[in-house]
file target.txt (compact mmCIF, C-alpha atoms)
# COMPACT_ATOMS: atom_id res chain seq x y z
CA MET A 1 93.59 85.23 -97.12
CA SER A 2 91.72 88.41 -96.15
CA LEU A 3 88.06 87.90 -95.23
CA PRO A 4 85.38 90.26 -93.88
CA SER A 5 85.18 90.66 -90.10
CA ASN A 6 81.85 88.81 -89.92
CA VAL A 7 83.42 85.64 -91.35
CA HIS A 8 84.86 83.16 -88.84
CA VAL A 9 87.02 80.22 -89.94
CA SER A 10 87.43 77.59 -87.24
CA GLN A 11 90.95 76.63 -86.22
CA HIS A 12 89.90 73.57 -84.22
CA PRO A 13 92.44 70.81 -84.98
CA CYS A 14 89.88 67.99 -84.80
CA LEU A 15 87.58 69.86 -87.16
CA MET A 16 90.42 70.36 -89.64
CA ALA A 17 91.19 66.64 -89.58
CA LYS A 18 87.54 65.72 -90.09
CA LEU A 19 87.27 68.15 -93.03
CA SER A 20 90.32 66.51 -94.60
CA ARG A 21 88.64 63.12 -94.28
CA LEU A 22 85.42 64.50 -95.79
CA ARG A 23 87.33 65.66 -98.90
CA SER A 24 88.37 62.12 -99.78
CA LYS A 25 86.50 60.40 -102.60
CA GLY A 26 87.02 57.15 -100.70
CA THR A 27 84.82 58.28 -97.80
CA GLU A 28 81.52 56.39 -98.09
CA SER A 29 78.05 57.87 -97.56
CA ARG A 30 77.61 56.59 -94.00
CA GLU A 31 80.85 58.23 -92.92
CA VAL A 32 80.05 61.39 -94.90
CA LYS A 33 76.86 61.71 -92.86
CA SER A 34 78.77 61.23 -89.58
CA LEU A 35 81.48 63.71 -90.56
CA ILE A 36 78.95 66.38 -91.55
CA ASN A 37 77.22 65.88 -88.19
CA GLU A 38 80.47 66.01 -86.20
CA ILE A 39 81.80 69.07 -88.03
CA SER A 40 78.45 70.80 -87.53
CA MET A 41 78.58 70.03 -83.82
CA ILE A 42 82.03 71.57 -83.35
CA LEU A 43 81.25 74.57 -85.54
CA GLY A 44 77.87 75.09 -83.89
CA CYS A 45 79.41 75.10 -80.42
CA GLU A 46 81.89 77.78 -81.46
CA ALA A 47 79.27 79.96 -83.16
CA LEU A 48 76.56 79.69 -80.53
CA ALA A 49 79.02 80.47 -77.72
CA THR A 50 79.17 84.00 -79.14
CA ALA A 51 75.52 84.32 -80.22
CA LEU A 52 73.72 83.09 -77.10
CA THR A 53 73.80 84.30 -73.50
CA ALA A 54 73.27 82.11 -70.44
CA VAL A 55 70.61 83.48 -68.09
CA GLU A 56 69.18 82.31 -64.79
CA GLY A 57 65.87 80.49 -64.85
CA PRO A 58 63.50 79.28 -62.13
CA LYS A 59 64.57 77.19 -59.15
CA GLY A 60 64.97 73.45 -59.64
CA GLU A 61 65.65 70.44 -57.45
CA THR A 62 68.32 67.77 -57.84
CA PRO A 63 67.54 64.03 -57.53
CA ILE A 64 68.72 64.08 -53.89
CA GLY A 65 66.65 67.10 -52.92
CA PHE A 66 69.00 70.08 -53.20
CA GLU A 67 67.69 73.30 -54.67
CA TYR A 68 69.55 74.98 -57.51
CA THR A 69 69.02 77.80 -60.00
CA THR A 70 68.36 76.58 -63.51
CA THR A 71 70.04 78.06 -66.57
CA THR A 72 68.56 78.83 -69.94
CA VAL A 73 69.71 80.82 -72.97
CA ARG A 74 68.74 84.02 -74.74
CA PRO A 75 67.51 84.90 -77.23
CA GLY A 76 64.74 82.39 -76.74
CA GLU A 77 63.10 82.79 -80.16
CA LEU A 78 65.39 80.63 -82.26
CA SER A 79 64.93 78.67 -85.46
CA ILE A 80 67.10 76.37 -87.53
CA VAL A 81 66.88 76.92 -91.28
CA PRO A 82 68.37 74.15 -93.41
CA ILE A 83 68.88 74.84 -97.10
CA LEU A 84 67.47 71.83 -98.92
CA ARG A 85 68.65 69.30 -99.40
CA SER A 86 72.19 69.00 -98.05
CA GLY A 87 71.47 71.31 -95.09
CA LEU A 88 69.38 68.51 -93.62
CA GLY A 89 72.62 66.73 -92.74
CA MET A 90 73.53 69.51 -90.27
CA VAL A 91 70.21 69.89 -88.45
CA GLU A 92 70.56 67.09 -85.90
CA ALA A 93 73.88 68.43 -84.59
CA ILE A 94 72.47 71.89 -83.94
CA GLN A 95 69.36 70.44 -82.32
CA ALA A 96 71.63 68.45 -79.99
CA ILE A 97 73.55 71.56 -78.93
CA LEU A 98 70.53 73.70 -78.08
CA PRO A 99 69.06 73.18 -74.61
CA GLU A 100 65.44 73.21 -75.81
CA PRO A 101 63.70 72.12 -79.04
CA VAL A 102 63.33 74.90 -81.60
CA PRO A 103 61.39 75.15 -84.89
CA VAL A 104 63.04 73.95 -88.09
CA HIS A 105 62.03 75.97 -91.16
CA HIS A 106 63.12 74.65 -94.55
CA LEU A 107 64.21 76.73 -97.52
CA GLY A 108 64.56 75.11 -100.94
CA LEU A 109 66.99 76.84 -103.29
CA TYR A 110 68.80 75.52 -106.35
CA ARG A 111 71.33 77.10 -108.70
CA GLU A 112 70.15 77.73 -112.25
CA PRO A 113 72.80 75.87 -114.30
CA SER A 114 73.54 78.56 -116.87
CA THR A 115 73.68 81.60 -114.58
CA LEU A 116 74.55 79.87 -111.24
CA GLU A 117 72.03 82.20 -109.60
CA PRO A 118 69.66 80.87 -106.91
CA VAL A 119 66.03 79.97 -107.57
CA GLU A 120 63.68 79.42 -104.62
CA TYR A 121 61.35 76.45 -104.96
CA TYR A 122 60.25 75.87 -101.36
CA ASN A 123 59.71 78.05 -98.29
CA ASN A 124 57.91 77.00 -95.12
CA LEU A 125 58.60 80.04 -92.95
CA PRO A 126 55.35 80.72 -91.06
CA HIS A 127 53.53 83.77 -92.44
CA HIS A 128 56.65 84.63 -94.40
CA ILE A 129 54.87 86.88 -96.89
CA PRO A 130 54.47 90.45 -95.54
CA SER A 131 51.13 92.15 -96.05
CA SER A 132 52.76 95.30 -97.43
CA ALA A 133 56.11 96.42 -98.76
CA SER A 134 56.93 98.24 -95.50
CA GLU A 135 55.85 95.45 -93.15
CA HIS A 136 57.82 92.37 -92.13
CA GLY A 137 56.30 88.92 -91.94
CA THR A 138 55.04 87.78 -88.54
CA ASN A 139 56.22 85.14 -86.07
CA ALA A 140 59.86 85.71 -87.04
CA ALA A 141 62.66 84.28 -84.93
CA SER A 142 65.06 86.63 -83.16
CA LEU A 143 67.95 84.43 -84.26
CA ALA A 144 67.93 82.18 -87.33
CA ILE A 145 70.64 79.54 -87.71
CA VAL A 146 71.09 78.78 -91.42
CA VAL A 147 72.76 75.44 -92.12
CA ASP A 148 74.18 74.66 -95.57
CA PRO A 149 77.34 72.56 -95.95
CA VAL A 150 78.79 74.47 -98.91
CA ILE A 151 78.95 78.15 -99.86
CA ALA A 152 80.14 78.27 -103.47
CA THR A 153 79.26 81.43 -105.42
CA GLY A 154 77.49 82.86 -102.37
CA GLY A 155 74.24 83.43 -104.27
CA THR A 156 72.21 80.89 -102.31
CA CYS A 157 73.52 82.23 -99.00
CA VAL A 158 72.66 85.82 -99.95
CA ALA A 159 69.17 84.80 -101.09
CA ALA A 160 68.50 82.83 -97.90
CA ILE A 161 69.52 85.76 -95.70
CA GLN A 162 67.38 88.11 -97.79
CA THR A 163 64.36 85.83 -97.27
CA LEU A 164 64.95 85.68 -93.51
CA LYS A 165 65.40 89.43 -93.23
CA GLU A 166 62.15 89.97 -95.12
CA TRP A 167 60.50 87.57 -92.67
CA GLY A 168 61.71 89.85 -89.84
CA VAL A 169 64.65 87.94 -88.35
CA LYS A 170 66.90 90.22 -86.28
CA LYS A 171 70.14 88.21 -86.46
CA VAL A 172 71.36 85.43 -88.73
CA ILE A 173 74.13 82.91 -88.16
CA VAL A 174 75.23 80.88 -91.19
CA LEU A 175 77.00 77.59 -90.52
CA SER A 176 78.81 75.91 -93.42
CA VAL A 177 81.31 73.11 -93.61
CA ILE A 178 83.30 74.76 -96.40
CA ALA A 179 83.16 77.87 -98.56
CA ALA A 180 84.80 79.38 -101.60
CA ALA A 181 86.64 82.58 -100.77
CA GLU A 182 84.76 84.68 -103.34
CA GLY A 183 81.38 83.26 -102.31
CA ILE A 184 81.81 83.85 -98.60
CA LYS A 185 83.11 87.37 -99.25
CA ARG A 186 80.07 88.10 -101.42
CA ALA A 187 77.63 86.95 -98.74
CA ALA A 188 79.43 88.66 -95.86
CA GLU A 189 79.83 91.97 -97.70
CA GLU A 190 76.21 91.92 -98.89
CA TRP A 191 75.07 91.55 -95.25
CA PRO A 192 77.70 93.20 -93.01
CA GLU A 193 75.26 93.87 -90.14
CA ASP A 194 73.62 91.27 -87.88
CA VAL A 195 74.96 88.36 -89.95
CA GLU A 196 77.83 86.11 -88.85
CA ILE A 197 79.19 83.33 -91.07
CA TRP A 198 81.04 80.39 -89.53
CA VAL A 199 82.90 77.83 -91.64
CA ALA A 200 85.25 74.91 -91.09
CA GLY A 201 87.40 75.72 -94.12
CA VAL A 202 87.81 78.05 -97.10
CA ASP A 203 88.95 77.06 -100.61
CA ALA A 204 90.49 79.67 -102.85
CA GLU A 205 89.07 78.55 -106.20
CA LEU A 206 85.80 77.79 -107.98
CA THR A 207 85.51 75.76 -111.16
CA PRO A 208 83.65 77.27 -114.17
CA ASN A 209 80.51 75.35 -113.17
CA GLY A 210 80.59 76.69 -109.63
CA MET A 211 82.17 73.80 -107.71
CA LEU A 212 84.80 74.36 -105.03
CA LYS A 213 88.38 73.35 -105.81
CA PRO A 214 89.49 71.07 -104.23
CA GLY A 215 86.17 71.10 -102.33
CA VAL A 216 84.22 68.14 -101.01
CA GLY A 217 82.12 67.30 -104.09
CA ASP A 218 78.32 67.53 -104.09
CA VAL A 219 77.41 66.99 -100.43
CA GLY A 220 73.76 66.33 -101.19
CA ASP A 221 74.65 63.58 -103.65
CA ARG A 222 77.12 62.07 -101.20
CA LEU A 223 74.63 62.15 -98.31
CA PHE A 224 71.69 60.74 -100.23
CA LEU A 225 73.51 58.39 -102.65
CA THR A 226 72.32 60.20 -105.76
CA ILE A 227 75.73 60.59 -107.45
CA GLY A 228 75.38 60.13 -111.18
CA LYS A 229 71.64 60.87 -111.22
call {"tool": "encode", "arguments": {"input": "target.txt", "output": "structure tokens"}}
result
Amino acid sequence: MSLPSNVHVSQHPCLMAKLSRLRSKGTESREVKSLINEISMILGCEALATALTAVEGPKGETPIGFEYTTTTVRPGELSIVPILRSGLGMVEAIQAILPEPVPVHHLGLYREPSTLEPVEYYNNLPHHIPSSASEHGTNAASLAIVVDPVIATGGTCVAAIQTLKEWGVKKVIVLSVIAAAEGIKRAAEEWPEDVEIWVAGVDAELTPNGMLKPGVGDVGDRLFLTIGK
């Protein structure tokens, strides 16, 4: 399967096994939550190893009195951007990886059923509306980490990146548990510069109503026990 150069599919054996378990309809909500967290942790470690740089910080002291040079990471202006609602299941893993707390900015997007195109219903990026067409929003992160378990048609992913770019973000990393081939290609080709997409797996097909085949079902419903709503 040929994918754009800014798409990265993990080959971690443990991640592959966890994704296989997540696909099963017999996996209950509590385990779904744990699997999403664990997959996000592995995927986040791989992605952030390439996106962040370790730099020396101030001097510190160990518990027995030895001096050492601390280490921090750059860029320092980071934010995590979960796509509501299923993206919430990935936030804790990324927070655990990062050495310092970072802001979490939520984006609410849903797919219009007839067109499958994204509609934004919530956005809490600070000062995300620019004052003019030629001016970016203020207080933008240098690196935004978008978390959304599934990339299907790619429309939501494209829209989220567009919103972050308009805010003024310099680089975007998208972390997803699984993606449809056509959706991830659409997003990656729409944003070939300063956007990297990391996924645990790629499915070749989409159903007519925009679900991955075989996929993992509706992750939001499985996380929050709203199947059959």
call {"tool": "residues_around", "arguments": {"input": "target.txt", "residues": "Val104 (chain A)", "least_positions_apart": "6", "cutoff": "12 Å", "atoms": "only C-alpha atoms", "output": "list in words"}}
result
Glu77, Leu78, Ser79, Ile80, Val81, Pro82, Ile83, Leu84, Gly87, Leu88, Met90, Val91, Glu92, Ile94, Gln95, Asn123, Asn124, Leu125, Pro126, Ala141, Ala144, Ile145, Val146 and Val147 of chain A
call {"tool": "residues_around", "arguments": {"input": "target.txt", "residues": "Gln162 (chain A)", "least_positions_apart": "4", "cutoff": "12 Å", "atoms": "only C-alpha atoms", "output": "PDB file with C-alpha atoms, in the coordinates of the input"}}
result
ATOM      1  CA  LEU A 107      64.210  76.730 -97.520  1.00  0.00           C
ATOM      2  CA  PRO A 118      69.660  80.870-106.910  1.00  0.00           C
ATOM      3  CA  GLU A 120      63.680  79.420-104.620  1.00  0.00           C
ATOM      4  CA  HIS A 128      56.650  84.630 -94.400  1.00  0.00           C
ATOM      5  CA  HIS A 136      57.820  92.370 -92.130  1.00  0.00           C
ATOM      6  CA  VAL A 146      71.090  78.780 -91.420  1.00  0.00           C
ATOM      7  CA  GLY A 155      74.240  83.430-104.270  1.00  0.00           C
ATOM      8  CA  THR A 156      72.210  80.890-102.310  1.00  0.00           C
ATOM      9  CA  CYS A 157      73.520  82.230 -99.000  1.00  0.00           C
ATOM     10  CA  VAL A 158      72.660  85.820 -99.950  1.00  0.00           C
ATOM     11  CA  GLU A 166      62.150  89.970 -95.120  1.00  0.00           C
ATOM     12  CA  TRP A 167      60.500  87.570 -92.670  1.00  0.00           C
ATOM     13  CA  GLY A 168      61.710  89.850 -89.840  1.00  0.00           C
ATOM     14  CA  VAL A 169      64.650  87.940 -88.350  1.00  0.00           C
ATOM     15  CA  LYS A 170      66.900  90.220 -86.280  1.00  0.00           C
ATOM     16  CA  LYS A 171      70.140  88.210 -86.460  1.00  0.00           C
ATOM     17  CA  VAL A 172      71.360  85.430 -88.730  1.00  0.00           C
ATOM     18  CA  ALA A 187      77.630  86.950 -98.740  1.00  0.00           C
ATOM     19  CA  GLU A 190      76.210  91.920 -98.890  1.00  0.00           C
ATOM     20  CA  TRP A 191      75.070  91.550 -95.250  1.00  0.00           C
ATOM     21  CA  VAL A 195      74.960  88.360 -89.950  1.00  0.00           C
TER      22      VAL A 195
END
call {"tool": "closest_residue", "arguments": {"input": "target.txt", "among": "A:Val102, A:Leu206, A:Ile151, A:Leu109", "to": "Ala179 (chain A)", "atoms": "only C-alpha atoms"}}
result
A:Ile151
call {"tool": "atom_distance", "arguments": {"input": "target.txt", "atom1": "CA of Ala96 (chain A)", "atom2": "CA of Ile42 (chain A)"}}
result
11.4 Å
call {"tool": "residues_around", "arguments": {"input": "target.txt", "residues": "Val7 (chain A)", "least_positions_apart": "6", "cutoff": "7 Å", "atoms": "all atoms listed in the file", "output": "PyMOL selection string"}}
result
chain A and resi 188+196-198
call {"tool": "closest_residue", "arguments": {"input": "target.txt", "among": "A:Pro192, A:Gly183, A:Pro75, A:Pro113", "to": "Leu212 (chain A)", "atoms": "only C-alpha atoms"}}
result
A:Gly183
call {"tool": "closest_residue", "arguments": {"input": "target.txt", "among": "A:Ala93, A:Val73, A:Ala51, A:Leu164", "to": "His106 (chain A)", "atoms": "all atoms listed in the file"}}
result
A:Leu164
call {"tool": "atom_distance", "arguments": {"input": "target.txt", "atom1": "CA of Asp218 (chain A)", "atom2": "CA of Met41 (chain A)"}}
result
20.4 Å
call {"tool": "closest_residue", "arguments": {"input": "target.txt", "among": "A:Ser86, A:Ser114, A:Asn209, A:Gln11", "to": "Ile36 (chain A)", "atoms": "only C-alpha atoms"}}
result
A:Ser86
call {"tool": "closest_residue", "arguments": {"input": "target.txt", "among": "A:Glu31, A:Glu189, A:Glu182, A:Val216", "to": "Ala204 (chain A)", "atoms": "all atoms listed in the file"}}
result
A:Glu182
call {"tool": "atom_distance", "arguments": {"input": "target.txt", "atom1": "CA of Thr27 (chain A)", "atom2": "CA of Gly215 (chain A)"}}
result
13.7 Å
call {"tool": "closest_residue", "arguments": {"input": "target.txt", "among": "A:Leu48, A:Ala159, A:Leu43, A:Ala181", "to": "Leu15 (chain A)", "atoms": "only C-alpha atoms"}}
result
A:Leu43
call {"tool": "residues_around", "arguments": {"input": "target.txt", "residues": "Val150 (chain A)", "least_positions_apart": "4", "cutoff": "7 Å", "atoms": "all atoms listed in the file", "output": "JSON, numbers by chain"}}
result
{"A": [176, 177, 178, 179]}
call {"tool": "write_last_selection", "arguments": {"input": "target.txt", "atoms": "C-alpha atoms", "output": "mmCIF file, in the frame of the given file"}}
result
data_model
loop_
_atom_site.group_PDB
_atom_site.id
_atom_site.type_symbol
_atom_site.label_atom_id
_atom_site.label_comp_id
_atom_site.auth_asym_id
_atom_site.auth_seq_id
_atom_site.Cartn_x
_atom_site.Cartn_y
_atom_site.Cartn_z
ATOM 1 C CA SER A 176 78.810 75.910 -93.420
ATOM 2 C CA VAL A 177 81.310 73.110 -93.610
ATOM 3 C CA ILE A 178 83.300 74.760 -96.400
ATOM 4 C CA ALA A 179 83.160 77.870 -98.560
#
call {"tool": "build_atoms", "arguments": {"input": "target.txt", "residues": "region 25-46 of chain A", "atoms": "N, CA and C atoms", "output": "CSV table (one decimal), in the coordinates of the input"}}
result
chain,number,residue,atom,x,y,z
A,25,LYS,N,87.5,61.1,-101.8
A,25,LYS,CA,86.5,60.4,-102.6
A,25,LYS,C,86.3,59.0,-102.1
A,26,GLY,N,87.2,58.5,-101.3
A,26,GLY,CA,87.0,57.2,-100.7
A,26,GLY,C,86.1,57.1,-99.5
A,27,THR,N,85.7,58.2,-99.0
A,27,THR,CA,84.8,58.3,-97.8
A,27,THR,C,83.4,58.0,-98.2
A,28,GLU,N,82.8,56.9,-97.7
A,28,GLU,CA,81.5,56.4,-98.1
A,28,GLU,C,80.4,57.2,-97.4
A,29,SER,N,79.2,57.0,-98.0
A,29,SER,CA,78.0,57.9,-97.6
A,29,SER,C,77.8,57.8,-96.1
A,30,ARG,N,77.9,56.7,-95.4
A,30,ARG,CA,77.6,56.6,-94.0
A,30,ARG,C,78.6,57.5,-93.2
A,31,GLU,N,79.9,57.4,-93.6
A,31,GLU,CA,80.8,58.2,-92.9
A,31,GLU,C,80.7,59.7,-93.3
A,32,VAL,N,80.3,60.0,-94.5
A,32,VAL,CA,80.0,61.4,-94.9
A,32,VAL,C,79.0,62.0,-94.0
A,33,LYS,N,77.9,61.2,-93.7
A,33,LYS,CA,76.9,61.7,-92.9
A,33,LYS,C,77.4,62.0,-91.5
A,34,SER,N,78.2,61.1,-90.9
A,34,SER,CA,78.8,61.2,-89.6
A,34,SER,C,79.7,62.4,-89.5
A,35,LEU,N,80.5,62.6,-90.6
A,35,LEU,CA,81.5,63.7,-90.6
A,35,LEU,C,80.8,65.1,-90.6
A,36,ILE,N,79.7,65.1,-91.5
A,36,ILE,CA,79.0,66.4,-91.6
A,36,ILE,C,78.3,66.7,-90.2
A,37,ASN,N,77.8,65.7,-89.5
A,37,ASN,CA,77.2,65.9,-88.2
A,37,ASN,C,78.3,66.3,-87.2
A,38,GLU,N,79.4,65.7,-87.2
A,38,GLU,CA,80.5,66.0,-86.2
A,38,GLU,C,81.1,67.4,-86.4
A,39,ILE,N,81.3,67.7,-87.7
A,39,ILE,CA,81.8,69.1,-88.0
A,39,ILE,C,80.8,70.1,-87.6
A,40,SER,N,79.5,69.9,-87.9
A,40,SER,CA,78.4,70.8,-87.5
A,40,SER,C,78.4,71.0,-86.0
A,41,MET,N,78.6,69.9,-85.3
A,41,MET,CA,78.6,70.0,-83.8
A,41,MET,C,79.7,70.9,-83.3
A,42,ILE,N,80.9,70.7,-83.8
A,42,ILE,CA,82.0,71.6,-83.4
A,42,ILE,C,81.8,73.0,-83.8
A,43,LEU,N,81.4,73.2,-85.0
A,43,LEU,CA,81.2,74.6,-85.5
A,43,LEU,C,80.1,75.3,-84.8
A,44,GLY,N,79.0,74.5,-84.6
A,44,GLY,CA,77.9,75.1,-83.9
A,44,GLY,C,78.2,75.5,-82.5
A,45,CYS,N,79.0,74.7,-81.8
A,45,CYS,CA,79.4,75.1,-80.4
A,45,CYS,C,80.2,76.4,-80.4
A,46,GLU,N,81.1,76.5,-81.4
A,46,GLU,CA,81.9,77.8,-81.5
A,46,GLU,C,81.0,79.0,-81.8
